[in-house]
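So this block is run_34.cif, mmCIF, C-alpha atoms:
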data_structure
#
loop_
_atom_site.label_atom_id
_atom_site.label_comp_id
_atom_site.auth_asym_id
_atom_site.auth_seq_id
_atom_site.Cartn_x
_atom_site.Cartn_y
_atom_site.Cartn_z
CA MET A 1 173.53 -116.29 108.63
CA ALA A 2 174.31 -114.68 111.96
CA ARG A 3 176.18 -111.41 111.61
CA PRO A 4 179.25 -111.28 113.90
CA ALA A 5 179.66 -108.49 116.41
CA PRO A 6 181.21 -105.23 115.07
CA ASP A 7 184.94 -105.45 114.91
CA ASP A 8 187.30 -102.50 114.38
CA ASP A 9 189.82 -104.75 112.65
CA ALA A 10 187.29 -106.22 110.28
CA ALA A 11 188.62 -104.15 107.40
CA LEU A 12 192.03 -105.73 107.89
CA ARG A 13 190.79 -109.27 107.31
CA TRP A 14 189.31 -111.17 104.35
CA ASP A 15 186.15 -112.17 106.23
CA ASP A 16 183.42 -109.86 105.02
CA VAL A 17 180.09 -111.54 105.77
CA ASP A 18 178.56 -109.86 102.74
CA ASP A 19 181.07 -111.58 100.49
CA PRO A 20 179.39 -114.61 98.84
CA SER A 21 182.54 -116.62 99.37
CA TYR A 22 182.55 -115.98 103.11
CA LEU A 23 182.66 -119.07 105.34
CA ASP A 24 181.54 -118.78 108.94
CA PRO A 25 184.44 -120.11 111.02
CA SER A 26 182.19 -120.96 113.97
CA ALA A 27 179.87 -123.04 111.77
CA ALA A 28 182.76 -124.85 110.09
CA ASP A 29 183.25 -127.20 113.03
CA ASP A 30 179.56 -128.21 112.93
CA GLU A 31 179.51 -129.06 109.23
CA PRO A 32 178.81 -132.77 108.88
CA GLY A 33 180.38 -132.81 105.47
CA ASP A 34 183.69 -131.73 106.88
CA THR A 35 183.71 -134.25 109.66
CA ALA A 36 182.57 -137.20 107.59
CA PRO A 37 185.80 -137.64 105.67
CA GLU A 38 187.74 -137.39 108.88
CA ALA A 39 185.52 -140.02 110.44
CA ALA A 40 185.95 -142.16 107.43
CA ASP A 41 189.68 -141.69 107.56
CA THR A 42 189.68 -142.54 111.24
CA ALA A 43 187.58 -145.59 110.70
CA THR A 44 189.83 -146.72 107.89
CA ALA A 45 192.91 -146.16 109.94
CA GLY A 46 191.44 -147.89 113.00
CA ASP A 47 190.24 -150.91 111.05
CA ALA A 48 193.36 -151.19 108.97
CA GLY A 49 194.14 -154.75 110.03
CA PRO A 50 190.81 -156.55 109.66
CA ALA A 51 189.63 -154.38 106.78
CA SER A 52 192.72 -155.04 104.75
CA GLY A 53 192.34 -158.74 105.43
CA ALA A 54 188.74 -158.72 104.26
CA ASP A 55 189.67 -156.70 101.23
CA ALA A 56 192.43 -159.13 100.42
CA ALA A 57 190.02 -162.04 100.71
CA GLY A 58 187.53 -160.23 98.49
CA ASP A 59 190.22 -159.51 95.95
CA ALA A 60 191.25 -163.15 95.99
CA ASP A 61 187.66 -164.24 95.37
CA ALA A 62 187.33 -161.71 92.58
CA ASP A 63 190.56 -162.90 91.04
CA GLN A 64 189.39 -166.51 91.26
CA ALA A 65 186.04 -165.64 89.70
CA ALA A 66 187.79 -163.75 86.95
CA ALA A 67 190.12 -166.68 86.43
CA THR A 68 187.20 -169.14 86.14
CA ASP A 69 185.53 -166.85 83.60
CA LEU A 70 188.56 -167.00 81.37
CA PRO A 71 188.22 -169.48 78.51
CA ALA A 72 190.46 -172.51 78.64
CA PRO A 73 193.48 -172.42 76.33
CA GLY A 74 192.56 -173.78 72.94
CA LEU A 75 188.84 -173.59 73.59
CA ARG A 76 188.19 -171.06 70.86
CA LEU A 77 190.20 -173.06 68.36
CA LEU A 78 188.33 -176.22 69.34
CA THR A 79 184.99 -174.45 69.02
CA ALA A 80 185.93 -173.05 65.62
CA VAL A 81 187.08 -176.44 64.35
CA PHE A 82 183.86 -178.13 65.42
CA ALA A 83 181.82 -175.25 64.03
CA VAL A 84 183.27 -176.08 60.63
CA VAL A 85 182.62 -179.80 61.23
CA PHE A 86 178.97 -179.20 62.13
CA VAL A 87 178.46 -176.89 59.15
CA LEU A 88 179.79 -179.70 56.94
CA TRP A 89 177.45 -182.14 58.69
CA SER A 90 174.51 -179.83 57.98
CA VAL A 91 175.44 -179.70 54.30
CA GLY A 92 175.81 -183.47 54.39
CA TRP A 93 172.30 -183.84 55.81
CA ILE A 94 170.84 -181.53 53.16
CA ILE A 95 172.30 -183.90 50.55
CA SER A 96 171.35 -186.99 52.57
CA VAL A 97 167.62 -186.24 52.76
CA GLY A 98 167.67 -186.17 48.99
CA LEU A 99 169.44 -189.53 48.85
CA VAL A 100 166.88 -191.24 51.10
CA PRO A 101 163.48 -190.61 49.51
CA ILE A 102 160.96 -191.26 52.26
CA SER A 103 157.32 -190.73 51.45
CA GLY A 104 154.31 -191.35 53.64
CA PRO A 105 151.06 -193.00 52.56
CA THR A 106 148.95 -190.13 53.90
CA LEU A 107 149.35 -186.37 53.93
CA VAL A 108 149.79 -186.25 57.71
CA ILE A 109 152.57 -188.84 57.68
CA GLU A 110 154.16 -187.12 54.70
CA VAL A 111 154.21 -183.84 56.63
CA LEU A 112 155.71 -185.59 59.64
CA TYR A 113 158.39 -187.15 57.42
CA GLN A 114 159.21 -183.73 55.99
CA PHE A 115 159.39 -182.33 59.51
CA SER A 116 161.77 -185.09 60.60
CA GLU A 117 163.97 -184.36 57.59
CA PHE A 118 164.03 -180.70 58.57
CA LEU A 119 164.99 -181.71 62.12
CA ALA A 120 167.81 -183.85 60.76
CA ILE A 121 169.16 -180.89 58.78
CA VAL A 122 169.13 -178.51 61.76
CA ALA A 123 170.32 -181.14 64.25
CA SER A 124 174.00 -180.25 63.86
CA ALA A 125 173.42 -176.55 64.42
CA LEU A 126 171.23 -177.23 67.46
CA TRP A 127 173.78 -179.62 68.95
CA PHE A 128 176.56 -177.06 68.46
CA ALA A 129 174.51 -174.29 70.06
CA ALA A 130 173.49 -176.46 73.00
CA THR A 131 177.08 -177.59 73.61
CA VAL A 132 178.39 -174.03 73.58
CA ALA A 133 175.57 -172.85 75.84
CA LEU A 134 175.70 -175.62 78.41
CA THR A 135 179.36 -176.52 78.79
CA PRO A 136 181.58 -174.30 80.97
CA GLN A 137 184.08 -172.28 78.99
CA HIS A 138 186.92 -172.70 81.47
CA ARG A 139 187.04 -176.48 80.99
CA LEU A 140 188.06 -178.03 77.71
CA ALA A 141 187.19 -181.70 78.28
CA PRO A 142 183.37 -181.49 78.59
CA ARG A 143 183.04 -179.34 75.49
CA LEU A 144 185.40 -181.57 73.52
CA GLY A 145 183.50 -184.66 74.65
CA TRP A 146 180.07 -183.34 73.72
CA PHE A 147 181.34 -182.02 70.37
CA ALA A 148 182.92 -185.39 69.55
CA PHE A 149 179.81 -187.31 70.65
CA GLY A 150 177.61 -185.04 68.55
CA ALA A 151 179.85 -185.40 65.52
CA LEU A 152 179.60 -189.18 65.87
CA VAL A 153 175.83 -189.33 66.44
CA LEU A 154 174.99 -186.84 63.70
CA LEU A 155 177.31 -188.25 61.06
CA PRO A 156 175.28 -188.18 57.80
CA TRP A 157 175.33 -191.92 57.16
CA PRO A 158 173.24 -191.79 53.97
CA LEU A 159 175.88 -189.58 52.38
CA VAL A 160 178.75 -191.62 53.81
CA LEU A 161 177.25 -194.87 52.56
CA GLY A 162 176.51 -193.24 49.20
CA VAL A 163 180.12 -192.12 48.88
CA ILE A 164 181.46 -195.50 50.03
CA GLY A 165 179.05 -197.46 47.83
CA MET B 1 161.74 -179.59 87.56
CA THR B 2 158.97 -177.03 87.48
CA ARG B 3 155.54 -177.43 85.95
CA ALA B 4 156.79 -175.53 82.90
CA HIS B 5 159.58 -178.08 82.48
CA VAL B 6 157.09 -180.93 82.70
CA GLY B 7 154.79 -179.16 80.24
CA VAL B 8 157.55 -178.68 77.67
CA ALA B 9 158.69 -182.28 78.10
CA ALA B 10 155.11 -183.54 77.73
CA LEU B 11 154.51 -181.43 74.63
CA LEU B 12 157.67 -182.55 72.89
CA SER B 13 157.15 -186.15 73.96
CA ILE B 14 154.30 -186.24 71.41
CA VAL B 15 156.93 -186.03 68.67
CA VAL B 16 158.91 -188.76 70.40
CA GLY B 17 155.75 -190.86 70.49
CA TRP B 18 155.36 -190.45 66.75
CA PHE B 19 159.00 -191.50 66.19
CA VAL B 20 158.38 -194.63 68.29
CA PHE B 21 155.12 -195.37 66.49
CA ASP B 22 156.81 -195.07 63.11
CA ALA B 23 159.70 -197.29 64.21
CA VAL B 24 157.35 -199.94 65.61
CA SER B 25 155.41 -199.86 62.34
CA SER B 26 158.65 -200.46 60.45
CA LEU B 27 159.63 -203.21 62.89
CA ILE B 28 156.39 -205.06 62.16
CA GLU B 29 155.84 -204.34 58.47
CA PHE B 30 159.34 -204.35 56.97
CA PRO B 31 160.20 -208.01 57.81
CA LEU B 32 156.78 -209.09 56.49
CA GLN B 33 157.35 -207.21 53.23
CA LEU B 34 160.79 -208.77 52.85
CA ALA B 35 159.41 -212.24 53.61
CA ALA B 36 156.64 -211.72 51.05
CA ALA B 37 159.28 -210.77 48.49
CA GLY B 38 161.31 -213.85 49.33
CA ILE B 39 164.19 -211.91 50.87
CA PRO B 40 165.61 -213.38 54.09
CA VAL B 41 165.51 -211.11 57.14
CA SER B 42 168.98 -210.77 58.57
CA SER B 43 169.75 -210.31 62.25
CA VAL B 44 171.54 -207.06 61.39
CA LEU B 45 168.32 -205.69 60.00
CA MET B 46 166.40 -206.66 63.12
CA VAL B 47 169.01 -204.95 65.31
CA LEU B 48 168.67 -201.81 63.21
CA LEU B 49 164.88 -201.89 63.44
CA TRP B 50 164.98 -202.35 67.21
CA ALA B 51 167.53 -199.53 67.47
CA GLY B 52 165.00 -197.34 65.67
CA VAL B 53 162.45 -198.13 68.36
CA LEU B 54 164.78 -197.60 71.29
CA ALA B 55 166.73 -194.56 70.07
CA PRO B 56 163.93 -191.98 70.50
CA VAL B 57 163.17 -193.17 74.03
CA LEU B 58 166.83 -193.28 75.06
CA LEU B 59 167.69 -189.87 73.59
CA PHE B 60 164.62 -188.21 75.08
CA THR B 61 165.18 -189.76 78.51
CA ALA B 62 168.85 -188.78 78.46
CA ALA B 63 168.00 -185.23 77.46
CA VAL B 64 165.47 -184.85 80.28
CA GLY B 65 167.94 -186.32 82.75
CA ILE B 66 170.79 -184.04 81.64
CA ALA B 67 168.79 -180.80 81.47
CA ARG B 68 166.29 -181.26 84.30
CA ARG B 69 168.01 -178.65 86.49
CA GLN B 70 168.60 -176.14 83.71
CA PRO B 71 166.46 -173.03 83.16
CA LEU B 72 163.47 -173.55 80.92
CA PRO B 73 164.99 -172.16 77.67
CA ARG B 74 168.05 -174.37 78.00
CA PHE B 75 165.88 -177.33 78.98
CA ALA B 76 163.76 -176.82 75.86
CA LEU B 77 166.91 -176.48 73.73
CA VAL B 78 168.30 -179.78 74.98
CA ILE B 79 164.99 -181.56 74.35
CA LEU B 80 164.90 -180.09 70.84
CA VAL B 81 168.45 -181.30 70.27
CA ALA B 82 167.37 -184.79 71.34
CA LEU B 83 164.43 -184.71 68.91
CA ALA B 84 166.64 -183.47 66.06
CA ALA B 85 169.25 -186.13 66.84
CA THR B 86 166.47 -188.72 66.87
CA ALA B 87 165.37 -187.61 63.40
CA ALA B 88 168.94 -187.80 62.11
CA VAL B 89 169.55 -191.23 63.66
CA ARG B 90 166.25 -192.48 62.21
CA ILE B 91 167.22 -191.50 58.66
CA SER B 92 170.69 -192.97 59.19
CA LEU B 93 169.17 -196.26 60.37
CA ILE B 94 166.87 -196.33 57.34
CA ALA B 95 169.85 -195.77 55.05
CA VAL B 96 171.95 -198.45 56.77
CA ALA B 97 169.00 -200.87 56.86
CA ALA B 98 168.39 -200.34 53.16
CA GLY B 99 172.08 -200.98 52.55
CA SER B 100 172.06 -204.13 54.67
CA THR B 101 168.96 -205.35 52.83
CA VAL B 102 170.64 -204.82 49.48
CA LEU B 103 173.77 -206.56 50.71
#

As structure tokens - that is how I would like this structure written.
Amino acid sequence: MARPAPDDDAALRWDDVDDPSYLDPSAADDEPGDTAPEAADTATAGDAGPASGADAAGDADADQAAATDLPAPGLRLLTAVFAVVFVLWSVGWIISVGLVPISGPTLVIEVLYQFSEFLAIVASALWFAATVALTPQHRLAPRLGWFAFGALVLLPWPLVLGVIG
Amino acid sequence: MTRAHVGVAALLSIVVGWFVFDAVSSLIEFPLQLAAAGIPVSSVLMVLLWAGVLAPVLLFTAAVGIARRQPLPRFALVILVALAATAAVRISLIAVAAGSTVL
């Protein structure tokens, strides 16, 4: 740090260069850190019109995106109701595979039959998971449609016919 | 669709092929067994047997068509759902066909 020229009034001021808190007044104007906020303020003030317009547009987009991320009213209730339905369907299929004794003539076919029975039992859970994963949460109709279609396709007919018969 | 999509679809189509093979076997053998036992083959039964042949193909094709633009995990999930639904429909058709035969 450059030492200023001797000054007879130096003792009357709080600007001792040996003080660690001393700030060189001549170097203060050259500090980039001091000028940057001013430049930023100037830029902000100068671009007030267009910048505020762009910010408003960005805020609008953000609001719209946030709005589309919100779940549709009743979606959680619908999902919960069909979760119960598909759990019941799974239980129905566990009973149904016992009502329809299918056995293959060979070991390979028997294993394939057992595998298809396992697939039938997990079908409801897979359908529910796929519907929740693939349908948008801000629209009620697609999720309702796929849930209803799945409930119809995966109805455990062996159990239904057994109960009816 | 990427090569991975095609690979997953090809791998799981083997299971679909087995479902079709089993349904075609039932379509050929079951009416013959009923005829040998002196039981008339109803048109309802034939519709059910044909539905068993067509259902795996239709469900698999629909699943590929619906999920072809999805990422690979979701694509595989949809194909698995189609296979599981095929298995459930197959057992349902067997149960209904057995009921229609009894009736």

* **Selection result of the PyMOL selection byres ((chain B and resi 75) around 12) on this file, as an NGL selection string** => (:A and (130 or 133-134)) or (:B and (1-2 or 4-9 or 12 or 60 or 62-74 or 76-82))

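Of the residues under consideration (A:Pro142, A:Pro156, A:Gly150, A:Pro105), A:Gly150 shows the shortest atom-to-atom contact distance to A:Leu126 when counting only C-alpha atoms.
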
* Spell out the residues picked by the PyMOL selection byres ((chain A) within 10 of (chain B)) here, as a ChimeraX atom specification. => /A:93,96-97,99-102,109,112-113,115-131,133-134,150,153-162,165

* **Explicit residue set for the PyMOL selection byres ((chain A and resi 73-86) around 9), as a list in words** =>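 Going through the file, the PyMOL selection byres ((chain A and resi 73-86) around 9) ends up selecting Leu70, Pro71, Ala72, Val87, Leu88, Trp89, Ser90, Val91, Ser124, Ala125, Trp127, Phe128, Val132, Gln137, His138, Arg139, Leu140, Arg143, Leu144, Phe147, Ala148, Gly150, Ala151 and Leu154 of chain A.
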
* Asked: Could you work out how far atom CA of B:Gly52 lies from atom CA of A:Gln114, giving the answer in Å with one decimal?
  ->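 For atom CA of A:Gln114 relative to atom CA of B:Gly52, the distance reads 17.7 Å.
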
* In Å, with one decimal, what is the gap from atom CA of B:Ala35 to atom CA of B:Val53? ->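 So the two atoms, atom CA of B:Ala35 and atom CA of B:Val53, lie 20.6 Å apart.
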
* To do: Would you work out the distance separating atom CA of B:Ser25 from atom CA of A:Ile164, expressed in Å to one decimal?
  => 29.1 Å

To test the calculation: enclose all listed atoms of stretch 20-34 of chain B in a box whose edges run along x, y and z, add 8 Å on each side, then state centre and edge lengths in Å to one decimal, as lines of an AutoDock Vina configuration file.
center_x = 158.0
center_y = -201.9
center_z = 60.6
size_x = 21.7
size_y = 30.5
size_z = 31.4
